[in-house]
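Listing of input_15.pdb; format and content: PDB, C-alpha atoms.
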MODEL        1
ATOM      1  CA  MET W   1      -0.181-107.907  45.717
ATOM      2  CA  HIS W   2      -1.936-107.311  42.481
ATOM      3  CA  SER W   3      -4.463-105.050  44.258
ATOM      4  CA  LEU W   4      -1.690-102.994  45.803
ATOM      5  CA  ILE W   5      -0.160-102.347  42.426
ATOM      6  CA  ILE W   6      -3.513-101.190  41.072
ATOM      7  CA  ILE W   7      -3.981 -98.856  44.046
ATOM      8  CA  LEU W   8      -0.500 -97.356  43.555
ATOM      9  CA  ILE W   9      -1.162 -96.853  39.878
ATOM     10  CA  PHE W  10      -4.439 -95.144  40.657
ATOM     11  CA  LEU W  11      -2.805 -92.912  43.259
ATOM     12  CA  TYR W  12      -0.081 -92.044  40.755
ATOM     13  CA  ILE W  13      -2.685 -91.121  38.186
ATOM     14  CA  LEU W  14      -4.488 -88.942  40.741
ATOM     15  CA  LEU W  15      -1.198 -87.253  41.571
ATOM     16  CA  ILE W  16      -0.491 -86.602  37.918
ATOM     17  CA  VAL W  17      -4.007 -85.174  37.407
ATOM     18  CA  PHE W  18      -3.615 -82.955  40.488
ATOM     19  CA  LEU W  19      -0.248 -81.714  39.382
ATOM     20  CA  CYS W  20      -1.566 -81.011  35.873
ATOM     21  CA  LYS W  21      -4.514 -79.154  37.327
ATOM     22  CA  ARG W  22      -2.265 -77.069  39.555
ATOM     23  CA  SER W  23       0.025 -76.409  36.623
ATOM     24  CA  LEU W  24      -2.883 -75.275  34.469
ATOM     25  CA  GLU W  25      -4.224 -73.043  37.268
ATOM     26  CA  TRP W  26      -0.783 -71.496  37.700
ATOM     27  CA  ARG W  27      -0.429 -71.003  33.971
ATOM     28  CA  PHE W  28      -3.899 -69.490  33.823
ATOM     29  CA  LEU W  29      -2.975 -67.004  36.574
ATOM     30  CA  ILE W  30       0.167 -66.041  34.668
ATOM     31  CA  LEU W  31      -1.812 -65.566  31.446
ATOM     32  CA  LYS W  32      -4.413 -63.549  33.344
ATOM     33  CA  LYS W  33      -1.725 -61.274  34.776
ATOM     34  CA  GLU W  34      -0.145 -60.899  31.337
ATOM     35  CA  LEU W  35      -3.528 -60.106  29.908
ATOM     36  CA  GLU W  36      -4.133 -57.450  32.564
ATOM     37  CA  PHE W  37      -0.687 -56.027  31.881
ATOM     38  CA  LEU W  38      -1.402 -55.908  28.155
ATOM     39  CA  LYS W  39      -4.747 -54.307  28.850
ATOM     40  CA  GLN W  40      -3.132 -51.637  31.004
ATOM     41  CA  SER W  41      -0.480 -51.116  28.346
ATOM     42  CA  CYS W  42      -3.150 -50.732  25.682
ATOM     43  CA  GLU W  43      -5.040 -48.259  27.846
ATOM     44  CA  GLY W  44      -1.798 -46.326  28.313
ATOM     45  CA  LEU W  45      -1.190 -46.356  24.565
ATOM     46  CA  ILE W  46      -4.748 -45.153  23.951
ATOM     47  CA  ILE W  47      -4.216 -42.296  26.417
ATOM     48  CA  LYS W  48      -0.880 -41.473  24.776
ATOM     49  CA  GLU W  49      -2.541 -41.625  21.372
ATOM     50  CA  LYS W  50      -5.183 -39.168  22.555
ATOM     51  CA  ASP W  51      -2.460 -36.878  23.943
ATOM     52  CA  VAL W  52      -0.532 -37.101  20.670
ATOM     53  CA  LEU W  53      -3.679 -36.352  18.669
ATOM     54  CA  SER W  54      -4.477 -33.439  20.958
ATOM     55  CA  GLU W  55      -0.935 -32.081  20.570
ATOM     56  CA  LYS W  56      -1.133 -32.606  16.818
ATOM     57  CA  SER W  57      -4.406 -30.693  16.733
ATOM     58  CA  LYS W  58      -2.813 -27.831  18.681
ATOM     59  CA  LEU W  59       0.180 -27.781  16.353
ATOM     60  CA  GLU W  60      -2.092 -27.789  13.313
ATOM     61  CA  GLY W  61      -4.056 -24.921  14.851
ATOM     62  CA  GLU W  62      -0.870 -22.963  15.515
ATOM     63  CA  THR W  63       0.379 -23.713  12.003
ATOM     64  CA  ALA W  64      -2.924 -22.566  10.497
ATOM     65  CA  LYS W  65      -2.715 -19.446  12.641
ATOM     66  CA  ILE W  66       0.826 -18.714  11.468
ATOM     67  CA  PHE W  67      -0.169 -19.206   7.829
ATOM     68  CA  ALA W  68      -3.255 -17.040   8.372
ATOM     69  CA  LEU W  69      -1.100 -14.258   9.805
ATOM     70  CA  TYR W  70       1.334 -14.611   6.916
ATOM     71  CA  GLU W  71      -1.489 -14.454   4.389
ATOM     72  CA  ILE W  72      -2.916 -11.329   6.031
ATOM     73  CA  THR W  73       0.467  -9.565   5.941
ATOM     74  CA  LYS W  74       1.093 -10.696   2.359
ATOM     75  CA  ASP W  75      -2.342  -9.581   1.139
ATOM     76  CA  ILE W  76      -2.104  -6.220   2.901
ATOM     77  CA  SER W  77       1.324  -5.631   1.367
ATOM     78  CA  SER W  78      -0.194  -6.076  -2.098
ATOM     79  CA  ALA W  79      -2.436  -3.032  -1.540
ATOM     80  CA  ILE W  80      -1.501   0.215  -3.276
ATOM     81  CA  ASN W  81      -2.894   2.586  -0.631
ATOM     82  CA  GLU W  82      -3.963   2.669   3.023
ATOM     83  CA  GLY W  83      -7.699   2.487   2.285
ATOM     84  CA  GLU W  84      -7.298  -0.672   0.241
ATOM     85  CA  ALA W  85      -4.989  -2.157   2.902
ATOM     86  CA  LEU W  86      -7.616  -1.552   5.605
ATOM     87  CA  ASN W  87     -10.386  -3.142   3.526
ATOM     88  CA  ILE W  88      -8.249  -6.244   2.918
ATOM     89  CA  PHE W  89      -7.473  -6.440   6.641
ATOM     90  CA  LYS W  90     -11.147  -6.186   7.627
ATOM     91  CA  ASP W  91     -12.167  -8.877   5.127
ATOM     92  CA  LYS W  92      -9.471 -11.223   6.446
ATOM     93  CA  VAL W  93     -10.221 -10.585  10.133
ATOM     94  CA  ARG W  94     -13.906 -11.320   9.573
ATOM     95  CA  GLN W  95     -12.868 -14.900   8.712
ATOM     96  CA  TYR W  96     -11.701 -15.358  12.331
ATOM     97  CA  LEU W  97     -13.469 -12.765  14.484
ATOM     98  CA  LYS W  98     -16.837 -11.035  14.708
ATOM     99  CA  PHE W  99     -16.987  -7.225  14.914
ATOM    100  CA  GLU W 100     -19.180  -4.321  13.811
ATOM    101  CA  ASP W 101     -16.716  -1.707  12.552
ATOM    102  CA  CYS W 102     -12.989  -1.119  12.225
ATOM    103  CA  LYS W 103     -11.194   2.193  11.554
ATOM    104  CA  LEU W 104      -7.619   3.293  10.968
ATOM    105  CA  LEU W 105      -6.790   6.416  12.983
ATOM    106  CA  ASP W 106      -3.720   8.610  13.099
ATOM    107  CA  ARG W 107      -1.823   9.231  16.329
ATOM    108  CA  HIS W 108      -4.117  12.104  17.310
ATOM    109  CA  PHE W 109      -7.741  11.011  17.514
ATOM    110  CA  ASP W 110     -10.885  11.942  19.392
ATOM    111  CA  ALA W 111     -10.628  10.399  22.874
ATOM    112  CA  GLY W 112     -14.415   9.999  22.869
ATOM    113  CA  LEU W 113     -14.025   7.075  20.445
ATOM    114  CA  SER W 114     -12.690   4.986  23.334
ATOM    115  CA  LYS W 115     -16.226   4.717  24.727
ATOM    116  CA  ASP W 116     -17.476   2.709  21.764
ATOM    117  CA  TYR W 117     -14.260   1.351  20.238
ATOM    118  CA  PHE W 118     -11.456  -0.856  21.458
ATOM    119  CA  ILE W 119      -8.327   1.026  20.339
ATOM    120  CA  LEU W 120      -4.906  -0.490  19.706
ATOM    121  CA  GLU W 121      -1.665   1.284  18.931
ATOM    122  CA  LEU W 122       0.133   0.110  15.802
ATOM    123  CA  HIS W 123       3.901  -0.176  16.094
ATOM    124  CA  ALA W 124       6.621  -0.566  13.456
ATOM    125  CA  GLU W 125      10.313  -0.359  14.250
ATOM    126  CA  ARG W 126       9.489   0.804  17.799
ATOM    127  CA  LYS W 127       7.465   3.745  16.513
ATOM    128  CA  ILE W 128       3.735   4.368  16.737
ATOM    129  CA  ILE W 129       2.443   4.592  13.161
ATOM    130  CA  GLY W 130      -1.260   4.903  13.956
ATOM    131  CA  ASN W 131      -4.166   3.305  15.791
ATOM    132  CA  LEU W 132      -6.746   0.663  14.943
ATOM    133  CA  ALA W 133     -10.198   1.155  16.426
ATOM    134  CA  ILE W 134     -12.634  -1.761  16.443
ATOM    135  CA  ARG W 135     -16.233  -1.821  17.681
ATOM    136  CA  GLY W 136     -18.390  -4.747  18.732
ATOM    137  CA  ILE W 137     -15.620  -7.289  19.344
ATOM    138  CA  PRO W 138     -16.130  -9.808  22.218
ATOM    139  CA  GLU W 139     -13.768  -9.401  25.180
ATOM    140  CA  GLU W 140     -12.306 -12.890  24.698
ATOM    141  CA  ASP W 141     -11.282 -12.053  21.118
ATOM    142  CA  LYS W 142      -9.364  -8.862  21.895
ATOM    143  CA  GLU W 143      -6.043 -10.672  22.369
ATOM    144  CA  LYS W 144      -6.427 -12.373  18.979
ATOM    145  CA  PHE W 145      -7.270  -9.028  17.412
ATOM    146  CA  ASN W 146      -4.122  -7.551  18.968
ATOM    147  CA  ILE W 147      -1.997 -10.188  17.190
ATOM    148  CA  LEU W 148      -3.726  -9.547  13.866
ATOM    149  CA  ALA W 149      -3.461  -5.771  14.336
ATOM    150  CA  GLN W 150       0.319  -5.929  14.677
ATOM    151  CA  GLN W 151       0.484  -7.941  11.466
ATOM    152  CA  PHE W 152      -1.587  -5.180   9.877
ATOM    153  CA  ALA W 153       1.000  -2.682  11.153
ATOM    154  CA  LEU W 154       3.748  -4.530   9.257
ATOM    155  CA  GLY W 155       1.687  -4.549   6.071
ATOM    156  CA  LEU W 156       0.709  -0.894   6.524
ATOM    157  CA  ARG W 157       4.361   0.131   6.888
ATOM    158  CA  ARG W 158       5.179  -1.597   3.599
ATOM    159  CA  VAL W 159       2.256   0.124   1.863
ATOM    160  CA  ARG W 160       3.435   3.516   3.136
ATOM    161  CA  LEU W 161       6.991   2.810   2.014
ATOM    162  CA  TYR W 162       5.653   1.867  -1.430
ATOM    163  CA  GLU W 163       3.614   5.085  -1.585
ATOM    164  CA  LYS W 164       6.684   7.107  -0.585
ATOM    165  CA  ILE W 165       8.874   5.408  -3.190
ATOM    166  CA  GLU W 166       6.189   5.903  -5.848
ATOM    167  CA  GLU W 167       5.839   9.565  -4.888
ATOM    168  CA  LEU W 168       9.611  10.059  -5.119
ATOM    169  CA  ALA W 169       9.621   8.357  -8.515
ATOM    170  CA  ILE W 170       7.053  10.732 -10.027
ATOM    171  CA  THR W 171       7.795  13.946  -8.118
ATOM    172  CA  ASP W 172      10.482  16.488  -8.950
ATOM    173  CA  SER W 173      12.710  16.849  -5.890
ATOM    174  CA  LEU W 174      13.103  20.639  -6.202
ATOM    175  CA  THR W 175       9.631  21.904  -7.096
ATOM    176  CA  HIS W 176       7.571  18.969  -5.721
ATOM    177  CA  ILE W 177       5.490  18.832  -8.885
ATOM    178  CA  PHE W 178       5.427  15.898 -11.308
ATOM    179  CA  THR W 179       8.498  14.810 -13.236
ATOM    180  CA  ARG W 180       8.771  15.146 -17.014
ATOM    181  CA  ARG W 181       8.462  11.373 -17.507
ATOM    182  CA  TYR W 182       5.267  11.098 -15.450
ATOM    183  CA  ALA W 183       3.754  14.223 -17.048
ATOM    184  CA  LEU W 184       4.337  12.800 -20.531
ATOM    185  CA  GLU W 185       2.770   9.463 -19.486
ATOM    186  CA  ARG W 186      -0.296  11.314 -18.239
ATOM    187  CA  LEU W 187      -0.423  13.380 -21.449
ATOM    188  CA  GLU W 188      -0.657  10.116 -23.416
ATOM    189  CA  GLU W 189      -3.504   8.939 -21.157
ATOM    190  CA  GLU W 190      -5.427  12.215 -21.347
ATOM    191  CA  PHE W 191      -4.949  12.380 -25.119
ATOM    192  CA  SER W 192      -6.379   8.853 -25.508
ATOM    193  CA  ARG W 193      -9.367   9.825 -23.350
ATOM    194  CA  ALA W 194      -9.945  13.046 -25.314
ATOM    195  CA  LEU W 195      -9.742  11.121 -28.588
ATOM    196  CA  LYS W 196     -12.139   8.414 -27.378
ATOM    197  CA  TYR W 197     -14.799  10.763 -25.982
ATOM    198  CA  LYS W 198     -14.230  13.608 -28.479
ATOM    199  CA  LEU W 199     -13.119  16.086 -25.801
ATOM    200  CA  SER W 200     -10.834  19.095 -26.039
ATOM    201  CA  LEU W 201      -7.370  18.917 -24.494
ATOM    202  CA  SER W 202      -4.953  21.823 -24.118
ATOM    203  CA  LEU W 203      -1.283  21.967 -23.258
ATOM    204  CA  LEU W 204       0.574  24.925 -21.751
ATOM    205  CA  MET W 205       4.340  25.164 -22.209
ATOM    206  CA  ILE W 206       5.615  27.636 -19.590
ATOM    207  CA  ASP W 207       9.087  29.148 -19.354
ATOM    208  CA  VAL W 208      10.592  31.524 -16.757
ATOM    209  CA  ASP W 209      11.776  34.677 -18.528
ATOM    210  CA  ASN W 210      15.460  35.586 -18.272
ATOM    211  CA  PHE W 211      16.094  32.786 -15.792
ATOM    212  CA  LYS W 212      19.801  32.601 -16.701
ATOM    213  CA  THR W 213      20.144  36.241 -15.628
ATOM    214  CA  PHE W 214      18.807  35.396 -12.153
ATOM    215  CA  ASN W 215      21.253  32.498 -11.857
ATOM    216  CA  ASP W 216      24.206  34.559 -13.052
ATOM    217  CA  LYS W 217      23.413  37.547 -10.848
ATOM    218  CA  TYR W 218      22.162  35.921  -7.638
ATOM    219  CA  GLY W 219      23.393  32.317  -7.853
ATOM    220  CA  HIS W 220      21.746  28.948  -8.367
ATOM    221  CA  LEU W 221      20.302  28.742  -4.831
ATOM    222  CA  VAL W 222      18.245  31.876  -5.502
ATOM    223  CA  GLY W 223      17.315  30.414  -8.897
ATOM    224  CA  ASP W 224      16.031  27.269  -7.158
ATOM    225  CA  VAL W 225      13.813  29.368  -4.865
ATOM    226  CA  ILE W 226      12.381  31.205  -7.893
ATOM    227  CA  LEU W 227      11.500  27.896  -9.574
ATOM    228  CA  LYS W 228       9.839  26.545  -6.403
ATOM    229  CA  GLU W 229       7.800  29.697  -5.880
ATOM    230  CA  ILE W 230       6.662  29.882  -9.513
ATOM    231  CA  ALA W 231       5.655  26.194  -9.370
ATOM    232  CA  LEU W 232       3.522  26.997  -6.301
ATOM    233  CA  VAL W 233       1.873  29.957  -8.066
ATOM    234  CA  ILE W 234       1.035  27.850 -11.130
ATOM    235  CA  LYS W 235      -0.311  25.004  -8.987
ATOM    236  CA  SER W 236      -2.554  27.370  -7.034
ATOM    237  CA  ASN W 237      -4.064  28.707 -10.273
ATOM    238  CA  ILE W 238      -5.066  25.421 -11.935
ATOM    239  CA  ARG W 239      -7.858  22.956 -11.260
ATOM    240  CA  GLU W 240      -7.653  19.650  -9.389
ATOM    241  CA  ILE W 241      -7.971  17.740 -12.658
ATOM    242  CA  ASP W 242      -5.130  19.679 -14.315
ATOM    243  CA  LEU W 243      -1.606  18.332 -14.137
ATOM    244  CA  LEU W 244       1.602  20.309 -13.704
ATOM    245  CA  GLY W 245       5.048  18.886 -14.433
ATOM    246  CA  ARG W 246       8.596  20.163 -14.674
ATOM    247  CA  PHE W 247       9.569  19.782 -18.301
ATOM    248  CA  GLY W 248      13.218  20.599 -17.753
ATOM    249  CA  GLY W 249      15.363  23.429 -16.388
ATOM    250  CA  GLU W 250      13.102  26.462 -16.034
ATOM    251  CA  GLU W 251      10.307  25.002 -18.232
ATOM    252  CA  PHE W 252       6.978  23.677 -16.975
ATOM    253  CA  ILE W 253       4.281  21.705 -18.763
ATOM    254  CA  CYS W 254       0.613  21.994 -17.780
ATOM    255  CA  ILE W 255      -2.038  19.574 -19.066
ATOM    256  CA  LEU W 256      -5.613  20.915 -19.117
ATOM    257  CA  PRO W 257      -8.174  18.139 -19.758
ATOM    258  CA  GLU W 258     -11.541  19.057 -21.312
ATOM    259  CA  THR W 259     -10.289  22.575 -22.096
ATOM    260  CA  ASP W 260     -10.510  24.328 -25.460
ATOM    261  CA  GLU W 261      -8.222  27.096 -26.726
ATOM    262  CA  GLN W 262     -10.308  29.873 -25.192
ATOM    263  CA  GLY W 263     -10.361  28.190 -21.779
ATOM    264  CA  ALA W 264      -6.631  27.446 -21.964
ATOM    265  CA  ASN W 265      -5.880  31.064 -22.869
ATOM    266  CA  PHE W 266      -7.924  32.276 -19.894
ATOM    267  CA  ALA W 267      -6.083  29.881 -17.520
ATOM    268  CA  ALA W 268      -2.680  30.827 -18.955
ATOM    269  CA  GLU W 269      -3.349  34.566 -18.561
ATOM    270  CA  ARG W 270      -4.431  34.025 -14.954
ATOM    271  CA  ILE W 271      -1.196  32.119 -14.255
ATOM    272  CA  ARG W 272       0.981  34.713 -16.055
ATOM    273  CA  SER W 273      -0.645  37.590 -14.159
ATOM    274  CA  SER W 274      -0.285  35.826 -10.780
ATOM    275  CA  VAL W 275       3.413  35.141 -11.377
ATOM    276  CA  GLN W 276       4.008  38.768 -12.437
ATOM    277  CA  GLU W 277       2.399  40.038  -9.214
ATOM    278  CA  LYS W 278       4.218  37.600  -6.946
ATOM    279  CA  GLU W 279       7.046  38.935  -4.770
ATOM    280  CA  ILE W 280       9.599  36.177  -4.275
ATOM    281  CA  LYS W 281      11.654  36.169  -1.076
ATOM    282  CA  ALA W 282      14.877  34.328  -1.861
ATOM    283  CA  TYR W 283      17.280  34.501   1.064
ATOM    284  CA  ASP W 284      18.197  38.209   1.338
ATOM    285  CA  GLU W 285      16.675  39.108  -2.024
ATOM    286  CA  LEU W 286      13.125  40.257  -2.785
ATOM    287  CA  LEU W 287      12.559  39.558  -6.472
ATOM    288  CA  LYS W 288       9.940  39.529  -9.185
ATOM    289  CA  ALA W 289       9.880  37.203 -12.189
ATOM    290  CA  THR W 290       7.707  36.758 -15.261
ATOM    291  CA  ILE W 291       6.796  33.832 -17.484
ATOM    292  CA  SER W 292       5.950  33.239 -21.129
ATOM    293  CA  VAL W 293       3.327  30.665 -22.098
ATOM    294  CA  GLY W 294       2.683  28.765 -25.330
ATOM    295  CA  ILE W 295      -0.651  27.006 -25.928
ATOM    296  CA  ALA W 296      -1.678  24.180 -28.266
ATOM    297  CA  THR W 297      -5.065  22.470 -28.294
ATOM    298  CA  PHE W 298      -6.468  19.127 -29.467
ATOM    299  CA  PRO W 299      -8.179  18.695 -31.899
ATOM    300  CA  LYS W 300      -7.727  22.218 -33.290
ATOM    301  CA  ASN W 301      -3.906  22.197 -33.505
ATOM    302  CA  ALA W 302      -2.753  18.611 -33.143
ATOM    303  CA  SER W 303      -3.688  15.015 -33.903
ATOM    304  CA  LYS W 304      -1.230  13.309 -31.529
ATOM    305  CA  PRO W 305       0.513  14.075 -28.205
ATOM    306  CA  THR W 306       3.914  14.867 -29.728
ATOM    307  CA  GLU W 307       2.259  17.473 -31.942
ATOM    308  CA  LEU W 308       0.721  19.146 -28.897
ATOM    309  CA  ILE W 309       4.178  19.378 -27.317
ATOM    310  CA  ASP W 310       5.869  20.672 -30.476
ATOM    311  CA  LYS W 311       3.199  23.241 -31.269
ATOM    312  CA  SER W 312       2.903  24.552 -27.720
ATOM    313  CA  ASP W 313       6.690  24.881 -27.786
ATOM    314  CA  TRP W 314       6.480  26.842 -31.061
ATOM    315  CA  ALA W 315       3.867  29.093 -29.473
ATOM    316  CA  LEU W 316       6.155  29.615 -26.460
ATOM    317  CA  TYR W 317       9.029  30.499 -28.794
ATOM    318  CA  ARG W 318       6.780  33.073 -30.459
ATOM    319  CA  ALA W 319       5.826  34.565 -27.060
ATOM    320  CA  LYS W 320       9.537  34.923 -26.263
ATOM    321  CA  ASN W 321      10.215  36.645 -29.598
ATOM    322  CA  MET W 322       7.302  39.035 -29.028
ATOM    323  CA  GLY W 323       8.868  40.411 -25.855
ATOM    324  CA  ARG W 324       8.248  37.770 -23.133
ATOM    325  CA  ASN W 325       5.751  37.967 -20.236
ATOM    326  CA  ARG W 326       2.903  37.043 -22.549
ATOM    327  CA  VAL W 327       0.664  34.168 -23.672
ATOM    328  CA  CYS W 328       0.571  32.944 -27.288
ATOM    329  CA  CYS W 329      -1.702  30.335 -28.842
ATOM    330  CA  PHE W 330      -0.333  28.214 -31.674
ATOM    331  CA  ALA W 331      -0.847  29.605 -35.167
ATOM    332  CA  LYS W 332      -0.616  27.401 -38.274
ATOM    333  CA  PHE W 333       2.858  28.550 -39.170
ATOM    334  CA  LYS W 334       6.231  28.087 -37.558
ATOM    335  CA  PRO W 335       7.378  31.218 -35.685
ATOM    336  CA  THR W 336      10.179  33.052 -37.394
ATOM    337  CA  THR W 337      13.405  33.799 -35.594
TER     338      THR W 337
ENDMDL
END

File written out as structure tokens:
Amino acid sequence: MHSLIIILIFLYILLIVFLCKRSLEWRFLILKKELEFLKQSCEGLIIKEKDVLSEKSKLEGETAKIFALYEITKDISSAINEGEALNIFKDKVRQYLKFEDCKLLDRHFDAGLSKDYFILELHAERKIIGNLAIRGIPEEDKEKFNILAQQFALGLRRVRLYEKIEELAITDSLTHIFTRRYALERLEEEFSRALKYKLSLSLLMIDVDNFKTFNDKYGHLVGDVILKEIALVIKSNIREIDLLGRFGGEEFICILPETDEQGANFAAERIRSSVQEKEIKAYDELLKATISVGIATFPKNASKPTELIDKSDWALYRAKNMGRNRVCCFAKFKPTT
């Protein structure tokens, strides 16, 4: 009996050990499956992380591209002329693309350029505003260049608008010569240069003779034509470095850098003679007009810009009193009435 009890106890212990073993094996399998699941999940997360990083990299690249395009447009817009705008554009593009040469062309260009250059039309507000020609750019970079070129078109349009606005601000709308304000600013600049480098500087004050008579007899439209034509005659008889402005009404001011009294007198006589010989077609009228010119010169007659203006005006007044259609240089006395 005692032996039987021992055997039963032993068998019970064996059963317990077996069941524990099976339980551990089952638990181990569960843990193994969980581990595999976690491993697969981690691998999935790693793949997702790589995808996210790749997408982030693309977004950063696109963002950098957008900012680069913005910077190009902004920098081009800061240029004051087309040449400067093109140089800025080329410098910026070289940061992203390799090329040999880049040119800005108008709408009509030599078709032979197409052999050596890749040419793109520039558009702004649905209009062709020019062409960009680039040489030595790899085929795979042409699409990128196209994007950058259209940004250049936006900047170029702004530069041209600025130039137009600036031109309107300094140009007289009737005669298309410089305004009084701009002419006086340039007189200050030229006077400072003449003073610094000890150069001569002459000023011509020009007035159309009997202009009120033309207006009264033929009307203001005819008077406007006379002013435009006389401005053209004066402009065609001065040098590139000289500056012509409308001083007011029928008066013109002409600045002659590096010109003494003798040279100014010669230039003024040439202008006066050319105006006298000019036949002016104004609508149905064929007219002739004359001018009077007063001259003052630095340093002979004046020590500051306002003196040049006053004394050339005095000389003009004297020319008028002496019968008009003549040139007078300033004398060291005020003309008498």

### Query
With distances taken over only C-alpha atoms, which of W:Lys48, W:Lys164, W:Arg186, W:Lys127 is nearest to Ile80 (chain W)?
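Comparing W:Lys48, W:Lys164, W:Arg186, W:Lys127 against Ile80 (chain W), the winner is W:Lys164.
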
Per residue of region 260-335 of chain W within 12 Å of region 231-242 of chain W, note the shortest atom pair and the distance in Å to one decimal, counting only C-alpha atoms, and order the rows by chain and increasing residue number, as a Markdown table.
| residue | atom | partner | partner_atom | distance |
| --- | --- | --- | --- | --- |
| W:Gly263 | CA | W:Ile238 | CA | 11.5 |
| W:Ala264 | CA | W:Ile238 | CA | 10.4 |
| W:Phe266 | CA | W:Ile238 | CA | 10.9 |
| W:Ala267 | CA | W:Ile238 | CA | 7.2 |
| W:Ala268 | CA | W:Asn237 | CA | 9.0 |
| W:Glu269 | CA | W:Asn237 | CA | 10.2 |
| W:Arg270 | CA | W:Asn237 | CA | 7.1 |
| W:Ile271 | CA | W:Ile234 | CA | 5.7 |
| W:Arg272 | CA | W:Ile234 | CA | 8.4 |
| W:Ser273 | CA | W:Val233 | CA | 10.1 |
| W:Ser274 | CA | W:Val233 | CA | 6.8 |
| W:Val275 | CA | W:Val233 | CA | 6.3 |
| W:Gln276 | CA | W:Val233 | CA | 10.1 |
| W:Glu277 | CA | W:Val233 | CA | 10.2 |
| W:Lys278 | CA | W:Val233 | CA | 8.1 |
| W:Glu279 | CA | W:Val233 | CA | 10.9 |
| W:Ile280 | CA | W:Val233 | CA | 10.6 |
| W:Ala289 | CA | W:Val233 | CA | 11.6 |
| W:Thr290 | CA | W:Val233 | CA | 11.5 |
| W:Ile291 | CA | W:Ile234 | CA | 10.5 |
| W:Val293 | CA | W:Ile234 | CA | 11.6 |

### Query
Hey, what's within 10 Å of Ile134 (chain W) if we count only C-alpha atoms and toss same-chain stuff fewer than 5 positions away? As a list in words, please?
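Once the nearby chain positions are removed, what remains is Lys90, Phe99, Glu100, Asp101, Cys102, Lys103, Leu104, Leu113, Ser114, Asp116, Tyr117, Phe118, Ile119, Leu120, Lys142 and Phe145 of chain W.
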
How about saving the chosen residues, C-alpha atoms kept, as a PDB file, keeping the file's coordinate frame?
ATOM      1  CA  LYS W  90     -11.147  -6.186   7.627  1.00  0.00           C
ATOM      2  CA  PHE W  99     -16.987  -7.225  14.914  1.00  0.00           C
ATOM      3  CA  GLU W 100     -19.180  -4.321  13.811  1.00  0.00           C
ATOM      4  CA  ASP W 101     -16.716  -1.707  12.552  1.00  0.00           C
ATOM      5  CA  CYS W 102     -12.989  -1.119  12.225  1.00  0.00           C
ATOM      6  CA  LYS W 103     -11.194   2.193  11.554  1.00  0.00           C
ATOM      7  CA  LEU W 104      -7.619   3.293  10.968  1.00  0.00           C
ATOM      8  CA  LEU W 113     -14.025   7.075  20.445  1.00  0.00           C
ATOM      9  CA  SER W 114     -12.690   4.986  23.334  1.00  0.00           C
ATOM     10  CA  ASP W 116     -17.476   2.709  21.764  1.00  0.00           C
ATOM     11  CA  TYR W 117     -14.260   1.351  20.238  1.00  0.00           C
ATOM     12  CA  PHE W 118     -11.456  -0.856  21.458  1.00  0.00           C
ATOM     13  CA  ILE W 119      -8.327   1.026  20.339  1.00  0.00           C
ATOM     14  CA  LEU W 120      -4.906  -0.490  19.706  1.00  0.00           C
ATOM     15  CA  LYS W 142      -9.364  -8.862  21.895  1.00  0.00           C
ATOM     16  CA  PHE W 145      -7.270  -9.028  17.412  1.00  0.00           C
TER      17      PHE W 145
END

### Query
So what does the PyMOL selection byres ((chain W and resi 318-326) around 6) actually pick up in this one, as an NGL selection string?
:W and (290-292 or 315-317 or 327-328 or 335)

### Task
For Ile76 (chain W), please output as an MDAnalysis selection string all residues within 7 Å (counting all atoms listed in the file; exclusion window: fewer than 4 positions along the same chain).
chainID W and resid 72 85 88:89 155

### Task
Skip Lys144 (chain W) itself and residues of its chain fewer than 5 positions away, then list as a list in words all residues within 10 Å of it, counting all atoms listed in the file.
Val93, Tyr96, Leu97 and Ala149 of chain W

Can you write out the residues you just picked, keeping C-alpha atoms, as a short mmCIF file (atom, residue, chain, number, x, y, z; two decimals), in the coordinates of the input?
data_model
loop_
_atom_site.label_atom_id
_atom_site.label_comp_id
_atom_site.auth_asym_id
_atom_site.auth_seq_id
_atom_site.Cartn_x
_atom_site.Cartn_y
_atom_site.Cartn_z
CA VAL W 93 -10.22 -10.58 10.13
CA TYR W 96 -11.70 -15.36 12.33
CA LEU W 97 -13.47 -12.76 14.48
CA ALA W 149 -3.46 -5.77 14.34
#

### Message
Would you compute the distance between CA of Phe109 (chain W) and CA of His123 (chain W)? Give it in Å to one decimal.
### Response
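Spanning CA of Phe109 (chain W) to CA of His123 (chain W) is a straight-line distance of 16.2 Å.
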
### Task
I need the residue set behind the PyMOL selection byres ((chain W and resi 300) around 12) for this file; please write it as a ChimeraX atom specification.
/W:198-203,259-262,295-299,301-304,307-308,311,329-332

What would the file look like if the residues just selected were written as a compact mmCIF listing (two decimals), in the frame of the given file with C-alpha atoms?
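Full text of selection-v9.txt as output:
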# COMPACT_ATOMS: atom_id res chain seq x y z
CA LYS W 198 -14.23 13.61 -28.48
CA LEU W 199 -13.12 16.09 -25.80
CA SER W 200 -10.83 19.10 -26.04
CA LEU W 201 -7.37 18.92 -24.49
CA SER W 202 -4.95 21.82 -24.12
CA LEU W 203 -1.28 21.97 -23.26
CA THR W 259 -10.29 22.58 -22.10
CA ASP W 260 -10.51 24.33 -25.46
CA GLU W 261 -8.22 27.10 -26.73
CA GLN W 262 -10.31 29.87 -25.19
CA ILE W 295 -0.65 27.01 -25.93
CA ALA W 296 -1.68 24.18 -28.27
CA THR W 297 -5.07 22.47 -28.29
CA PHE W 298 -6.47 19.13 -29.47
CA PRO W 299 -8.18 18.70 -31.90
CA ASN W 301 -3.91 22.20 -33.51
CA ALA W 302 -2.75 18.61 -33.14
CA SER W 303 -3.69 15.02 -33.90
CA LYS W 304 -1.23 13.31 -31.53
CA GLU W 307 2.26 17.47 -31.94
CA LEU W 308 0.72 19.15 -28.90
CA LYS W 311 3.20 23.24 -31.27
CA CYS W 329 -1.70 30.34 -28.84
CA PHE W 330 -0.33 28.21 -31.67
CA ALA W 331 -0.85 29.60 -35.17
CA LYS W 332 -0.62 27.40 -38.27
